[in-house]
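Peer 1: Below is the structure I would like to discuss, written out as structure tokens.
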Amino acid sequence: MKEKYYLTTTLPYVNADPHIGFALEMIQADALVRYERLLGKEVVFNTGTDEHGLKIHRKAEEMGIDTQDYCDQYAARFHSLRELLNLSYTNFIRTTDPHHKQAAQEFWKRCDANGDIYKKNYQVKYCVGCELEKTDSELVDGKCPLHIKYDIELIEEENYFFRFSAFQEKLLQLYSERPDFVVPAHRLDEIRKFVEGGLQDFSISRLKEKMPWGVPVPGDDTHVMYVWFDALVNYISTLGWPEDEENFRAYWPGVQVAGKDNLRQQSAMWQAMLLSAGLESSKQIFIHGFITSEGQKMSKSLGNVVNPVDVVEKYGTDPVRFYLLGALPSYEDGDFSTRRFEEFYTAHLVNGLGNLTSRILTMIEKYSDGKIPEKSEDIFDVRAFWGRYDKSFGKFSFDEVVRELNSFVAKCDAKISEEKPWEKAKNGESIDALLYVLVESLRHLAIAFFPLLPESAENILKSLHISHEQIQGEQARAWGVLAKGNEVTKGEILFKRLES
RNA sequence: CGCGGGAUAGAGCAAUUGGCAGCUCGUCGGGCCCAUAACCCGAAGGUUCCCGGUUCGAGUCCGGGUCCCGCAACCA
């Protein structure tokens, strides 16, 4: 039976269009699961949309449409990223799905049965000017920056609370037992510090009369769940929890990919919730950074927001995937700049992989009659290459994976220059040994590039007449798979040169 | 003394446990003609933010300082 692998992204909130930062998360997640599939694993890859809460409800009201219709529209927009970015997710969960709501309620009941949910007065900070509830971080010197003349009013309201404070010890234990629970390590340090500083119980419900757009609290029809509580449960409800126990057991615990703004929610709150419900902790949490635009924070007012749809239309899906995975530091914030994008694209895809592919296939055509020559020795040590490749993927270091790949391409180019096959061919010397090394290396490269550039890699494989089934498992990584006499077809140019 | 990240060649980034400071792009010089005017070789370019300490040896460890950037809890 195939080994199982489960990975989920966070669910974007449907109050804005997808931005490049979310595209990064999706692409990282997609590269990971494609990599795991190469290893021969059976994968569940989950994403979806988070659709409850006050902001959504209010926005739909403003637009004068039904809230569910509003959510449907946005969910469709996020779902369209699948094609745009060539994503291979298997599940797309929406928190308004009936099954998810039932699961969230069941989850609540378990935490409640465990004594971790209780009622308490909650002070809401309210700005009369905005007619909105405010959070502390929205206030400046305790006042609403938009309405300094009014004092913030405190409204008391009874809410359900989650006993977060009870899980401090257990969370710290989890962090110390599993040093790679959160990657990169400095994020684990960050969350540990936070938990060590003491935890406060948090509110997990809202009064239904004020905010009806949420999952009803079991046994109390005057409250709905606060979005966080319901949304986090999607990571397991998508697996059919609670009733499909077999599927849940097969895939949970899973790997979670999230942005640095989600560190607490994923690695502390959600973990505490799981502990409370008596479920296993997540397997691992990978935290990525944010993307700046031309060196500045993206913001609507600066007008420098990068829209993934625009860049994909301009450059294509694979180049965008390649830039996001390879040109940004995997553990930190990174910058999206047009100049750098074009440099990176030209250097590594056009001049690198694309040109090398063209070189090799042409030489096979010219000097070997379009057929694979006799098998020869592996001079590049592909086994060691795969070792480094696995190691880099294992630590979510996508930039390192890309560096490995680029350096393999460079080695091939250097070897060609060194051997000067065109000269030898003229002198009547056999160059079959070199040609085999090159074309077999190209096969390895195509497989290794596949998780990052699925479409381009597929094109190379097509040229080599290698089928999709032949790229999985250990046997695909062996040296000498291409058999003598098999045809090779030179295809279209892989990466077009940018016009300057 | 709220928490955390960062500062390394013109730009963007790397440097397992301390051990000759590297990579990509760009610049300059040469080579090559299989390839998408691509590719290869060589060169120039660094006081690793500053001050002090530990050490045979510090980008890396310790102390102090400066400057950027996130977060600061119910803001997805």
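Convention: chains lettered A, B, ... in structure tokens order; per-chain residue numbering from 1; ligands numbered from 1 as shown.
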Which residues, written as a list in words, have at least one atom at most 10 Å from Leu207 in chain A, with only C-alpha atoms (C1' of nucleotides) counted and residues fewer than 6 positions away on the same chain left out?
Peer 2: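 The filter keeps Glu157, Glu158, Asn159, Tyr160, Asp221, Thr222, His223, Val224, Met225 and Tyr226 of chain A.
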Peer 1: Using N, CA and C atoms, can you write the selected residues to a file as a PDB file, in the first residue's frame?
Peer 2:
```pdb
ATOM      1  N   GLU A 157     -20.249  42.100  26.836  1.00  0.00           N
ATOM      2  CA  GLU A 157     -21.087  41.093  26.204  1.00  0.00           C
ATOM      3  C   GLU A 157     -20.607  39.730  26.658  1.00  0.00           C
ATOM      4  N   GLU A 158     -21.555  38.826  26.814  1.00  0.00           N
ATOM      5  CA  GLU A 158     -21.178  37.508  27.288  1.00  0.00           C
ATOM      6  C   GLU A 158     -20.783  36.625  26.110  1.00  0.00           C
ATOM      7  N   ASN A 159     -19.588  36.063  26.170  1.00  0.00           N
ATOM      8  CA  ASN A 159     -19.086  35.217  25.091  1.00  0.00           C
ATOM      9  C   ASN A 159     -18.600  33.892  25.637  1.00  0.00           C
ATOM     10  N   TYR A 160     -18.464  32.937  24.725  1.00  0.00           N
ATOM     11  CA  TYR A 160     -17.784  31.705  25.093  1.00  0.00           C
ATOM     12  C   TYR A 160     -16.291  31.904  24.927  1.00  0.00           C
ATOM     13  N   ASP A 221     -28.530  28.752  20.745  1.00  0.00           N
ATOM     14  CA  ASP A 221     -28.798  29.390  19.459  1.00  0.00           C
ATOM     15  C   ASP A 221     -28.691  30.915  19.507  1.00  0.00           C
ATOM     16  N   THR A 222     -28.190  31.457  20.620  1.00  0.00           N
ATOM     17  CA  THR A 222     -27.966  32.899  20.650  1.00  0.00           C
ATOM     18  C   THR A 222     -26.530  33.257  20.245  1.00  0.00           C
ATOM     19  N   HIS A 223     -25.675  32.236  20.053  1.00  0.00           N
ATOM     20  CA  HIS A 223     -24.284  32.497  19.676  1.00  0.00           C
ATOM     21  C   HIS A 223     -23.880  31.757  18.405  1.00  0.00           C
ATOM     22  N   VAL A 224     -22.963  32.380  17.667  1.00  0.00           N
ATOM     23  CA  VAL A 224     -22.290  31.652  16.589  1.00  0.00           C
ATOM     24  C   VAL A 224     -20.796  31.621  16.923  1.00  0.00           C
ATOM     25  N   MET A 225     -20.090  30.707  16.289  1.00  0.00           N
ATOM     26  CA  MET A 225     -18.657  30.593  16.577  1.00  0.00           C
ATOM     27  C   MET A 225     -17.907  31.769  15.975  1.00  0.00           C
ATOM     28  N   TYR A 226     -16.877  32.179  16.666  1.00  0.00           N
ATOM     29  CA  TYR A 226     -15.992  33.169  16.097  1.00  0.00           C
ATOM     30  C   TYR A 226     -15.191  32.490  14.986  1.00  0.00           C
TER      31      TYR A 226
END
```
Peer 1: Please identify all residues of chain A having at least one atom at most 8 Å from any atom of chain B, considering only C-alpha atoms (C1' of nucleotides), and return them as a JSON list (two decimals) with N, CA and C atoms, in the first residue's frame.
Peer 2:
```json
[["chain", "number", "residue", "atom", "x", "y", "z"],
["A", 12, "PRO", "N", -7.57, 31.23, 2.66],
["A", 12, "PRO", "CA", -7.67, 32.69, 2.55],
["A", 12, "PRO", "C", -9.09, 33.15, 2.89],
["A", 13, "TYR", "N", -9.13, 34.32, 3.50],
["A", 13, "TYR", "CA", -10.40, 34.94, 3.86],
["A", 13, "TYR", "C", -10.95, 35.62, 2.62],
["A", 135, "THR", "N", -10.22, 46.59, 17.53],
["A", 135, "THR", "CA", -9.25, 45.83, 18.31],
["A", 135, "THR", "C", -8.18, 46.80, 18.79],
["A", 137, "SER", "N", -5.07, 46.86, 18.39],
["A", 137, "SER", "CA", -4.06, 47.23, 17.41],
["A", 137, "SER", "C", -4.59, 48.26, 16.42],
["A", 138, "GLU", "N", -5.92, 48.40, 16.36],
["A", 138, "GLU", "CA", -6.47, 49.41, 15.46],
["A", 138, "GLU", "C", -6.51, 50.79, 16.10],
["A", 190, "GLU", "N", 10.29, 31.78, 18.22],
["A", 190, "GLU", "CA", 9.36, 32.90, 18.40],
["A", 190, "GLU", "C", 8.08, 32.44, 19.11],
["A", 193, "LYS", "N", 8.71, 31.50, 22.81],
["A", 193, "LYS", "CA", 8.80, 32.71, 23.63],
["A", 193, "LYS", "C", 7.40, 33.24, 23.95],
["A", 194, "PHE", "N", 6.58, 33.24, 22.94],
["A", 194, "PHE", "CA", 5.21, 33.74, 23.11],
["A", 194, "PHE", "C", 4.45, 32.91, 24.13],
["A", 200, "GLN", "N", -3.49, 33.79, 27.35],
["A", 200, "GLN", "CA", -4.80, 34.25, 27.81],
["A", 200, "GLN", "C", -5.88, 33.52, 27.04],
["A", 202, "PHE", "N", -9.06, 32.88, 24.93],
["A", 202, "PHE", "CA", -9.62, 33.76, 23.91],
["A", 202, "PHE", "C", -11.08, 33.46, 23.61],
["A", 203, "SER", "N", -11.74, 34.50, 23.16],
["A", 203, "SER", "CA", -13.17, 34.40, 22.88],
["A", 203, "SER", "C", -13.40, 33.62, 21.60],
["A", 204, "ILE", "N", -14.37, 32.72, 21.62],
["A", 204, "ILE", "CA", -14.61, 31.91, 20.44],
["A", 204, "ILE", "C", -16.06, 31.97, 19.97],
["A", 261, "ASP", "N", 2.29, 35.66, 9.49],
["A", 261, "ASP", "CA", 1.21, 36.28, 10.27],
["A", 261, "ASP", "C", 0.31, 35.23, 10.90],
["A", 262, "ASN", "N", 0.49, 33.99, 10.49],
["A", 262, "ASN", "CA", -0.37, 32.93, 10.99],
["A", 262, "ASN", "C", 0.32, 32.01, 11.99],
["A", 329, "PRO", "N", 14.12, 34.17, -0.73],
["A", 329, "PRO", "CA", 14.62, 33.33, 0.36],
["A", 329, "PRO", "C", 13.44, 32.58, 0.98],
["A", 343, "GLU", "N", 15.60, 39.08, -15.07],
["A", 343, "GLU", "CA", 16.98, 38.58, -14.98],
["A", 343, "GLU", "C", 17.01, 37.10, -14.63],
["A", 344, "PHE", "N", 16.24, 36.78, -13.60],
["A", 344, "PHE", "CA", 16.20, 35.40, -13.11],
["A", 344, "PHE", "C", 15.67, 34.46, -14.19],
["A", 347, "ALA", "N", 18.35, 34.22, -17.04],
["A", 347, "ALA", "CA", 19.58, 33.53, -16.65],
["A", 347, "ALA", "C", 19.36, 32.03, -16.48],
["A", 350, "VAL", "N", 15.82, 30.58, -19.62],
["A", 350, "VAL", "CA", 16.13, 30.74, -21.04],
["A", 350, "VAL", "C", 17.56, 30.25, -21.32],
["A", 351, "ASN", "N", 18.54, 30.89, -20.68],
["A", 351, "ASN", "CA", 19.95, 30.55, -20.93],
["A", 351, "ASN", "C", 20.36, 29.25, -20.25],
["A", 354, "GLY", "N", 16.51, 25.88, -20.58],
["A", 354, "GLY", "CA", 15.96, 25.89, -21.94],
["A", 354, "GLY", "C", 17.03, 25.69, -22.99],
["A", 355, "ASN", "N", 18.09, 26.46, -22.87],
["A", 355, "ASN", "CA", 19.17, 26.36, -23.85],
["A", 355, "ASN", "C", 19.88, 25.00, -23.79],
["A", 356, "LEU", "N", 20.08, 24.51, -22.58],
["A", 356, "LEU", "CA", 20.75, 23.21, -22.43],
["A", 356, "LEU", "C", 19.93, 22.10, -23.09],
["A", 358, "SER", "N", 17.87, 22.37, -25.48],
["A", 358, "SER", "CA", 17.99, 22.54, -26.92],
["A", 358, "SER", "C", 19.34, 22.02, -27.44],
["A", 359, "ARG", "N", 20.39, 22.34, -26.72],
["A", 359, "ARG", "CA", 21.74, 21.87, -27.09],
["A", 359, "ARG", "C", 21.78, 20.36, -27.16],
["A", 360, "ILE", "N", 21.33, 19.73, -26.10],
["A", 360, "ILE", "CA", 21.43, 18.27, -26.01],
["A", 360, "ILE", "C", 20.59, 17.59, -27.09],
["A", 362, "THR", "N", 19.51, 18.73, -29.89],
["A", 362, "THR", "CA", 20.05, 18.96, -31.23],
["A", 362, "THR", "C", 21.24, 18.05, -31.50],
["A", 363, "MET", "N", 22.10, 17.91, -30.50],
["A", 363, "MET", "CA", 23.27, 17.05, -30.70],
["A", 363, "MET", "C", 22.87, 15.59, -30.93],
["A", 413, "ASP", "N", 26.57, 22.13, -19.00],
["A", 413, "ASP", "CA", 27.09, 23.10, -19.97],
["A", 413, "ASP", "C", 28.61, 23.10, -19.98],
["A", 414, "ALA", "N", 29.19, 23.07, -18.79],
["A", 414, "ALA", "CA", 30.65, 23.12, -18.69],
["A", 414, "ALA", "C", 31.27, 21.87, -19.31],
["A", 417, "SER", "N", 31.41, 22.16, -23.09],
["A", 417, "SER", "CA", 32.50, 23.03, -23.54],
["A", 417, "SER", "C", 33.84, 22.33, -23.42],
["A", 418, "GLU", "N", 33.98, 21.60, -22.34],
["A", 418, "GLU", "CA", 35.24, 20.92, -22.07],
["A", 418, "GLU", "C", 35.52, 19.84, -23.13],
["A", 421, "PRO", "N", 32.35, 18.28, -28.28],
["A", 421, "PRO", "CA", 31.88, 17.16, -29.11],
["A", 421, "PRO", "C", 31.83, 17.48, -30.61],
["A", 422, "TRP", "N", 31.57, 18.72, -30.96],
["A", 422, "TRP", "CA", 31.48, 19.09, -32.39],
["A", 422, "TRP", "C", 32.82, 18.88, -33.10],
["A", 493, "ILE", "N", 10.72, 25.41, -28.50],
["A", 493, "ILE", "CA", 11.57, 26.11, -27.54],
["A", 493, "ILE", "C", 10.86, 26.17, -26.19],
["A", 495, "PHE", "N", 11.60, 27.97, -23.25],
["A", 495, "PHE", "CA", 11.40, 29.29, -22.64],
["A", 495, "PHE", "C", 11.79, 30.36, -23.65],
["A", 496, "LYS", "N", 10.81, 31.14, -24.01],
["A", 496, "LYS", "CA", 11.07, 32.18, -25.01],
["A", 496, "LYS", "C", 11.86, 33.33, -24.39],
["A", 497, "ARG", "N", 12.75, 33.85, -25.19],
["A", 497, "ARG", "CA", 13.53, 35.01, -24.79],
["A", 497, "ARG", "C", 12.61, 36.22, -24.68]]
```
Peer 1: Ranking B:A43, B:A37, B:C49, B:A15 by minimum distance to U66 in chain B and counting only C-alpha atoms (C1' of nucleotides), which one comes first?
Peer 2: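 Answer, going by the shortest atom-to-atom distance: B:C49.
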Peer 1: I'd like the contact shell of Gln168 in chain A - 8 Å cut-off, only C-alpha atoms (C1' of nucleotides), skipping same-chain residues fewer than 5 positions apart - returned as a PyMOL selection string.
Peer 2: chain A and resi 195-196+198-199
Peer 1: Report the residues of range 150-342 of chain A whose backbone DSSP state falls under helix (DSSP H, G or I), written as a PyMOL selection string.
Peer 2: chain A and resi 164-177+185-196+227-232+234-237+245-251+260-276+308-315+317-326+338-342
Peer 1: Name all residues at most 12 Å from C62 in chain B (count only C-alpha atoms (C1' of nucleotides); drop same-chain ones fewer than 3 positions away) and give them as a PyMOL selection string.
Peer 2: chain B and resi 52-55+58
Peer 1: Env of Asp381 in chain A: 10 Å cut, atoms = only C-alpha atoms (C1' of nucleotides), seq-sep filter 5 positions within chain, self excluded. Answer as a short mmCIF file (atom, residue, chain, number, x, y, z; two decimals) with N, CA, C and O atoms, in the first residue's frame.
Peer 2:
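The result, stored in result.cif:
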```cif
data_model
loop_
_atom_site.label_atom_id
_atom_site.label_comp_id
_atom_site.auth_asym_id
_atom_site.auth_seq_id
_atom_site.Cartn_x
_atom_site.Cartn_y
_atom_site.Cartn_z
N TRP A 386 20.58 13.65 -6.07
CA TRP A 386 19.26 13.38 -5.47
C TRP A 386 19.29 13.50 -3.96
O TRP A 386 18.32 13.92 -3.32
N SER A 441 21.19 12.70 -18.21
CA SER A 441 21.16 13.78 -17.22
C SER A 441 19.93 14.66 -17.43
O SER A 441 19.30 15.12 -16.47
N TRP A 479 20.49 5.45 -12.59
CA TRP A 479 21.22 5.88 -13.78
C TRP A 479 21.07 4.83 -14.87
O TRP A 479 21.13 3.64 -14.60
#
```
Peer 1: Can you tell me, as a list in words, what residues are no more than 9 Å from Glu400 in chain A when counting only C-alpha atoms (C1' of nucleotides), ignoring any on the same chain fewer than 6 positions away?
Peer 2: Gly326, Pro329, Ser330, Tyr389, Ser392 and Phe393 of chain A
Peer 1: Applying 8 Å and only C-alpha atoms (C1' of nucleotides), which residues near Ala433 in chain A remain after dropping the ones on its own chain fewer than 5 positions away? List them as a PDB file with C-alpha atoms, in the first residue's frame.
Peer 2:
```
ATOM      1  CA  PRO A 373      23.236   6.033 -27.979  1.00  0.00           C
ATOM      2  CA  GLU A 374      24.768   3.198 -26.021  1.00  0.00           C
ATOM      3  CA  LYS A 375      24.616   3.516 -22.259  1.00  0.00           C
ATOM      4  CA  SER A 376      27.649   4.990 -20.520  1.00  0.00           C
ATOM      5  CA  GLU A 377      28.922   5.753 -17.036  1.00  0.00           C
TER       6      GLU A 377
END
```
Peer 1: In Å, with one decimal, what is the gap from CA of Arg249 in chain A to CA of Leu279 in chain A?
Peer 2: 10.5 Å
